[in-house]
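The structure file model02.txt is reproduced below (compact mmCIF, C-alpha atoms).
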```
# COMPACT_ATOMS: atom_id res chain seq x y z
CA MET A 211 -7.87 44.97 1.59
CA ARG A 212 -9.27 43.20 -1.49
CA ARG A 213 -6.50 40.54 -1.62
CA PRO A 214 -7.03 39.14 1.94
CA LEU A 215 -10.79 39.11 1.30
CA VAL A 216 -10.36 37.15 -1.95
CA ILE A 217 -8.06 34.65 -0.22
CA LEU A 218 -10.57 34.21 2.62
CA LEU A 219 -13.42 33.61 0.15
CA LEU A 220 -11.36 31.02 -1.73
CA MET A 221 -10.52 29.21 1.51
CA LEU A 222 -14.17 29.17 2.55
CA THR A 223 -15.17 27.79 -0.85
CA THR A 224 -12.54 25.03 -0.62
CA ALA A 225 -13.63 24.09 2.90
CA CYS A 226 -17.31 23.78 1.96
CA SER A 227 -19.02 20.57 0.94
CA THR A 228 -22.60 20.21 -0.27
CA LYS A 229 -24.71 17.07 0.10
CA MET A 230 -28.18 16.30 -1.24
CA ASP A 231 -30.63 14.36 0.92
CA LYS A 232 -33.19 11.84 -0.32
CA ASP A 233 -35.79 14.60 -0.70
CA GLY A 234 -33.54 16.57 -3.04
CA ARG A 235 -32.67 19.26 -0.52
CA THR A 236 -29.07 20.41 -0.32
CA GLU A 237 -27.06 21.00 2.85
CA THR A 238 -23.74 22.81 2.92
CA THR A 239 -21.25 22.24 5.71
CA VAL A 240 -17.85 23.76 6.45
CA ASP A 241 -14.95 21.61 7.68
CA ALA A 242 -12.85 23.97 9.80
CA LYS A 243 -9.74 21.87 9.16
CA TYR A 244 -9.69 22.91 5.52
CA LEU A 245 -9.68 26.60 6.42
CA LEU A 246 -6.09 26.01 7.54
CA LYS A 247 -5.04 24.23 4.34
CA SER A 248 -3.86 25.71 1.05
CA GLU A 249 -4.28 23.89 -2.27
CA VAL A 250 -0.62 22.85 -2.06
CA ASP A 251 -1.25 21.37 1.39
CA ARG A 252 -4.11 19.28 0.07
CA VAL A 253 -1.99 18.08 -2.86
CA ALA A 254 0.75 17.15 -0.37
CA ASP A 255 -1.75 15.18 1.75
CA THR A 256 -2.89 13.18 -1.27
CA GLY A 257 0.59 12.77 -2.76
CA ARG A 258 2.09 11.42 0.44
CA ALA A 259 -0.77 8.95 0.95
CA GLU A 260 -0.48 7.73 -2.65
CA VAL A 261 3.29 7.15 -2.38
CA VAL A 262 3.00 5.28 0.93
CA ASP A 263 0.14 3.11 -0.35
CA GLY A 264 2.09 2.43 -3.54
CA LEU A 265 5.13 1.20 -1.62
CA LEU A 266 2.95 -1.05 0.54
CA LEU A 267 1.43 -2.48 -2.64
CA ILE A 268 4.94 -3.17 -3.97
CA ALA A 269 5.83 -4.83 -0.65
CA ASP A 270 2.82 -7.14 -0.93
CA LYS A 271 3.69 -8.03 -4.54
CA LEU A 272 7.34 -8.69 -3.63
CA TYR A 273 6.28 -10.97 -0.78
CA LYS A 274 4.08 -12.92 -3.19
CA ARG A 275 7.06 -13.55 -5.47
CA ASN A 276 9.49 -14.05 -2.59
CA PRO A 277 7.44 -15.78 0.17
CA LYS A 278 10.50 -16.97 2.07
CA GLU A 279 11.30 -13.36 2.96
CA TRP A 280 8.36 -12.62 5.26
CA LYS A 281 9.02 -15.92 7.03
CA LYS A 282 12.54 -14.74 7.89
CA GLY A 283 11.06 -11.92 9.96
CA GLY A 284 9.03 -14.26 12.12
CA GLY A 285 5.70 -12.78 11.07
CA ALA A 286 2.48 -14.77 11.05
CA SER A 287 1.71 -14.04 7.40
CA ARG A 288 2.45 -11.89 4.36
CA GLU A 289 -0.37 -9.58 5.39
CA ALA A 290 1.10 -9.19 8.88
CA ALA A 291 4.47 -8.24 7.42
CA VAL A 292 2.85 -5.55 5.22
CA GLU A 293 0.83 -4.26 8.17
CA ARG A 294 4.01 -3.96 10.22
CA LEU A 295 5.40 -1.72 7.50
CA ARG A 296 2.21 0.33 7.54
CA GLN A 297 2.58 0.81 11.30
CA ARG A 298 6.34 1.46 11.07
CA ARG A 299 6.26 4.66 13.10
CA GLN A 300 4.53 3.01 16.06
CA GLY A 301 6.48 -0.23 16.23
CA ALA A 302 10.03 -1.13 17.25
CA TRP A 303 12.65 -2.23 14.71
CA PRO A 304 15.49 -3.80 16.74
CA GLU A 305 16.79 -5.68 13.69
CA PHE A 306 17.86 -2.39 12.09
CA ASN A 307 19.68 -0.98 15.14
CA GLY A 308 18.15 2.46 14.76
CA GLN A 309 19.22 2.87 11.14
CA ARG A 310 16.84 4.13 8.47
CA GLU A 311 16.55 5.17 4.84
CA GLY A 312 19.36 4.20 2.44
CA ALA A 313 21.42 2.27 4.98
CA ILE A 314 18.52 -0.14 5.48
CA ALA A 315 17.30 -0.28 1.86
CA ALA A 316 20.81 -1.28 0.80
CA LEU A 317 20.67 -4.35 3.06
CA ALA A 318 18.19 -5.92 0.64
CA PHE A 319 21.05 -6.27 -1.84
CA ALA A 320 23.87 -7.16 0.57
CA GLU A 321 25.30 -10.69 0.25
CA ALA A 322 25.86 -11.07 3.99
CA TYR A 323 22.36 -9.99 5.02
CA THR A 324 20.22 -12.89 6.28
CA GLY A 325 17.07 -11.01 7.28
CA ASP A 326 13.88 -10.18 5.40
CA ARG A 327 15.08 -8.40 2.25
CA VAL A 328 11.63 -7.11 1.26
CA MET A 329 11.18 -5.60 4.72
CA ALA A 330 14.61 -3.94 4.53
CA LEU A 331 14.01 -2.45 1.08
CA ILE A 332 10.49 -1.13 1.69
CA PHE A 333 11.18 0.05 5.25
CA GLY A 334 14.17 1.99 3.93
CA LEU A 335 12.11 3.56 1.13
CA LEU A 336 9.18 4.35 3.43
CA THR A 337 11.43 6.11 5.93
CA MET A 338 12.81 8.19 3.05
CA VAL A 339 9.24 9.19 2.19
CA ASP A 340 8.54 9.99 5.86
CA ALA A 341 11.60 12.25 5.91
CA ALA A 342 10.73 13.90 2.58
CA PHE A 343 7.31 14.81 3.96
CA GLU A 344 8.82 15.98 7.27
CA TYR A 345 7.26 13.09 9.24
CA LYS A 346 3.77 14.57 8.81
CA GLU A 347 0.61 12.90 7.57
CA GLU A 348 -1.34 16.12 7.05
CA PHE A 349 -0.19 19.56 5.97
CA TYR A 350 -1.38 23.05 6.84
CA ILE A 351 -0.66 26.61 5.71
CA LEU A 352 2.37 27.14 7.97
CA ASP A 353 3.99 23.78 7.10
CA SER A 354 6.87 23.73 4.65
CA LEU A 355 8.57 21.06 2.54
CA ASN A 356 11.99 20.81 0.92
CA GLU A 357 11.91 20.15 -2.83
CA MET A 358 15.34 18.47 -2.84
CA LYS A 359 14.19 15.90 -0.27
CA LEU A 360 11.28 15.00 -2.53
CA TYR A 361 13.54 14.96 -5.60
CA ASN A 362 16.14 12.67 -3.93
CA CYS A 363 13.34 10.40 -2.76
CA ALA A 364 12.18 10.03 -6.37
CA ARG A 365 15.71 9.21 -7.54
CA ASN A 366 15.96 6.54 -4.84
CA MET A 367 12.91 4.81 -6.29
CA ASP A 368 14.81 4.64 -9.58
CA VAL A 369 17.83 3.16 -7.80
CA ALA A 370 15.57 0.53 -6.19
CA VAL A 371 14.14 -0.46 -9.59
CA TRP A 372 17.62 -0.87 -11.06
CA LYS A 373 18.87 -2.92 -8.11
CA LEU A 374 15.84 -5.21 -8.19
CA GLY A 375 16.56 -6.03 -11.81
CA HIS A 376 20.36 -6.25 -11.68
CA ASP A 377 21.87 -6.92 -8.23
CA ARG A 378 22.71 -10.61 -7.80
CA ASN A 379 24.26 -12.86 -5.18
CA ALA A 380 27.44 -14.91 -5.57
CA ALA A 381 25.46 -17.68 -7.29
CA GLY A 382 24.25 -15.26 -9.95
CA GLU A 383 20.67 -15.14 -8.65
CA LEU A 384 18.68 -11.96 -8.16
CA PHE A 385 18.40 -11.06 -4.49
CA LEU A 386 14.66 -10.45 -4.99
CA LEU A 387 12.38 -11.53 -7.81
CA SER A 388 10.22 -8.74 -9.24
CA ASN A 389 9.51 -8.08 -12.94
CA GLU A 390 9.00 -11.13 -15.16
CA LEU A 391 10.79 -10.67 -18.48
CA ASP A 392 9.87 -14.00 -20.06
CA PRO A 393 7.93 -13.08 -23.26
CA GLY A 394 5.30 -15.67 -22.41
CA ARG A 395 4.68 -14.31 -18.91
CA ARG A 396 5.91 -10.74 -19.19
CA ASN A 397 5.06 -8.65 -16.11
CA LEU A 398 6.48 -5.17 -15.58
CA SER A 399 3.98 -4.12 -12.90
CA TYR A 400 6.68 -3.44 -10.31
CA GLU A 401 8.52 -1.08 -12.63
CA ARG A 402 5.27 0.66 -13.61
CA GLU A 403 4.26 1.22 -9.97
CA PHE A 404 7.70 2.55 -9.06
CA GLY A 405 7.47 4.82 -12.12
CA ARG A 406 4.12 6.16 -10.91
CA LEU A 407 5.60 6.93 -7.49
CA MET A 408 8.58 8.69 -9.07
CA GLY A 409 6.19 10.81 -11.10
CA LEU A 410 4.21 11.79 -7.99
CA LEU A 411 7.35 12.73 -6.06
CA ASP A 412 8.80 14.72 -8.98
CA PHE A 413 5.46 16.53 -9.35
CA MET A 414 5.47 17.40 -5.64
CA ALA A 415 9.10 18.55 -5.84
CA LYS A 416 8.21 20.93 -8.68
CA ILE A 417 5.16 22.33 -6.84
CA VAL A 418 7.18 22.86 -3.65
CA ALA A 419 10.05 24.51 -5.54
CA ASP A 420 7.58 26.91 -7.18
CA ARG A 421 5.94 27.64 -3.82
CA ASN A 422 9.34 28.31 -2.24
CA GLY A 423 10.40 30.52 -5.15
CA ARG A 424 13.36 28.29 -5.96
CA THR A 425 14.63 26.46 -9.03
CA LEU A 426 14.86 22.70 -8.63
CA SER A 427 18.49 21.59 -9.02
CA ARG A 428 18.47 18.26 -10.81
CA VAL A 429 21.43 16.07 -9.86
CA GLY A 430 22.61 13.68 -12.54
CA GLN A 431 23.42 10.17 -11.35
CA SER A 432 24.10 6.94 -13.20
CA VAL A 433 21.93 4.21 -11.71
CA VAL A 434 24.54 1.62 -12.63
CA SER A 435 26.86 2.94 -9.92
CA ALA A 436 24.18 4.65 -7.85
CA VAL A 437 23.76 4.54 -4.11
CA PHE A 438 20.67 5.68 -2.29
CA LEU A 439 20.73 9.46 -1.92
CA PRO A 440 20.32 11.15 1.48
CA VAL A 441 16.93 12.58 2.35
CA SER A 442 16.61 13.45 6.05
CA PHE A 443 20.10 14.97 6.19
CA LEU A 444 19.13 17.71 3.73
CA LYS A 445 18.20 21.10 5.18
```
Could you take the file, read its structure, and then write that structure out as structure tokens?
Amino acid sequence: MRRPLVILLLMLTTACSTKMDKDGRTETTVDAKYLLKSEVDRVADTGRAEVVDGLLLIADKLYKRNPKEWKKGGGASREAAVERLRQRRQGAWPEFNGQREGAIAALAFAEAYTGDRVMALIFGLLTMVDAAFEYKEEFYILDSLNEMKLYNCARNMDVAVWKLGHDRNAAGELFLLSNELDPGRRNLSYEREFGRLMGLLDFMAKIVADRNGRTLSRVGQSVVSAVFLPVSFLK
């Protein structure tokens, strides 16, 4: 009997928030939503939001360095292109013929592709994140995640970083400009942001594996010959 009582008390404490008014009096309120969330659920909420926001930031930065890309998509502005990515689950994407994840991200580095390469890359990565978090924006006690989906999603960020810095067209030019390696103007902000997102996804994968009572199986892959790993197809 003690264990359920302790759990209930912890949940009530987590769900409570205390505010102080201008007269110095405190008022405590309880958000019922948080009674249905564990600590892992709240970490998942924050982790997912951070990864999505990070990818949208990378999209904006890539459009700044590659302005011709957003114009290919027929958008009104760079901001409109990023907002379309933000609203990806509400809008239509006829240019991708129903494909998602790695199949679309790979188009950004395909010689024959004539569309918006930034849109293809970030849309592909975002749909991987959506799949890794089971297409949910908030998580509750009965929700579950798959640690291998999160782990593969992290590895795909690494693949994207490598391709941005190495994949070139027939003329020897990078498909998309990102990091600046010139010593006088060195800028590795893209790589740093991708690294932060990888860290978040790996952290979530470890938490979920521990919660599920499983050991995370780390798959070795050389990024030089890497392809984007499946996410939604994992069970």
Near Ile268 of chain A, within 12 Å and counting all atoms listed in the file, which residues show up once chain neighbours fewer than 2 positions away are dropped, as a ChimeraX atom specification? /A:261-266,270-276,292,295,328-329,331-333,335-336,367,370-371,374,387-389,398-407
When distances are computed from all atoms listed in the file, which of A:Asp340, A:Asp326, A:Glu348, A:Asp251 shows the smallest separation from Gly285 of chain A? A:Asp326
Go ahead and compute the interatomic distance for atom CA of Asp377 of chain A and atom CA of Phe319 of chain A, in Å to one decimal. 6.5 Å
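Shortest separation to Ala290 of chain A among A:Val369, A:Ala269, A:Phe438, A:Lys359 occurs at residue A:Ala269, atoms counted being only C-alpha atoms.
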I'd like the neighbourhood of Ala316 of chain A as a compact mmCIF listing (two decimals) with C-alpha atoms, in the frame of the given file, where a residue qualifies if any of its atoms comes within 10 Å (using only C-alpha atoms), though same-chain residues fewer than 2 positions away should be ignored.
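Result file follows (part-v5.txt):
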```txt
# COMPACT_ATOMS: atom_id res chain seq x y z
CA GLU A 311 16.55 5.17 4.84
CA GLY A 312 19.36 4.20 2.44
CA ALA A 313 21.42 2.27 4.98
CA ILE A 314 18.52 -0.14 5.48
CA ALA A 318 18.19 -5.92 0.64
CA PHE A 319 21.05 -6.27 -1.84
CA ALA A 320 23.87 -7.16 0.57
CA TYR A 323 22.36 -9.99 5.02
CA ARG A 327 15.08 -8.40 2.25
CA ALA A 330 14.61 -3.94 4.53
CA LEU A 331 14.01 -2.45 1.08
CA GLY A 334 14.17 1.99 3.93
CA LEU A 335 12.11 3.56 1.13
CA ALA A 370 15.57 0.53 -6.19
CA LYS A 373 18.87 -2.92 -8.11
CA VAL A 437 23.76 4.54 -4.11
CA PHE A 438 20.67 5.68 -2.29
```
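Going from atom CA of Ala342 of chain A to atom CA of Pro304 of chain A covers 23.2 Å.
Atom CA of Gln297 of chain A sits 23.9 Å away from atom CA of Met414 of chain A.
Closest approach to Ser442 of chain A among A:Met358, A:Met338, A:Trp372, A:Leu411: A:Met338, based on all atoms listed in the file.
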Could you check the closest approach to Ser248 of chain A for each of A:Asp368, A:Glu390, A:Asp353, A:Asp420 and tell me which residue wins, using only C-alpha atoms? A:Asp353
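The smallest atom-to-atom distance between Lys416 of chain A and any of A:Ala364, A:Ala341, A:Leu439, A:Ala380, using only C-alpha atoms, is found for A:Ala364.
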Using 8 Å of padding on each side, determine the axis-aligned box around all atoms of segment 292-295 of chain A present in the file and give its centre and edge lengths in Å to one decimal, as JSON.
```
{"center_x": 3.1, "center_y": -3.6, "center_z": 7.7, "size_x": 20.6, "size_y": 19.8, "size_z": 21.0}
```
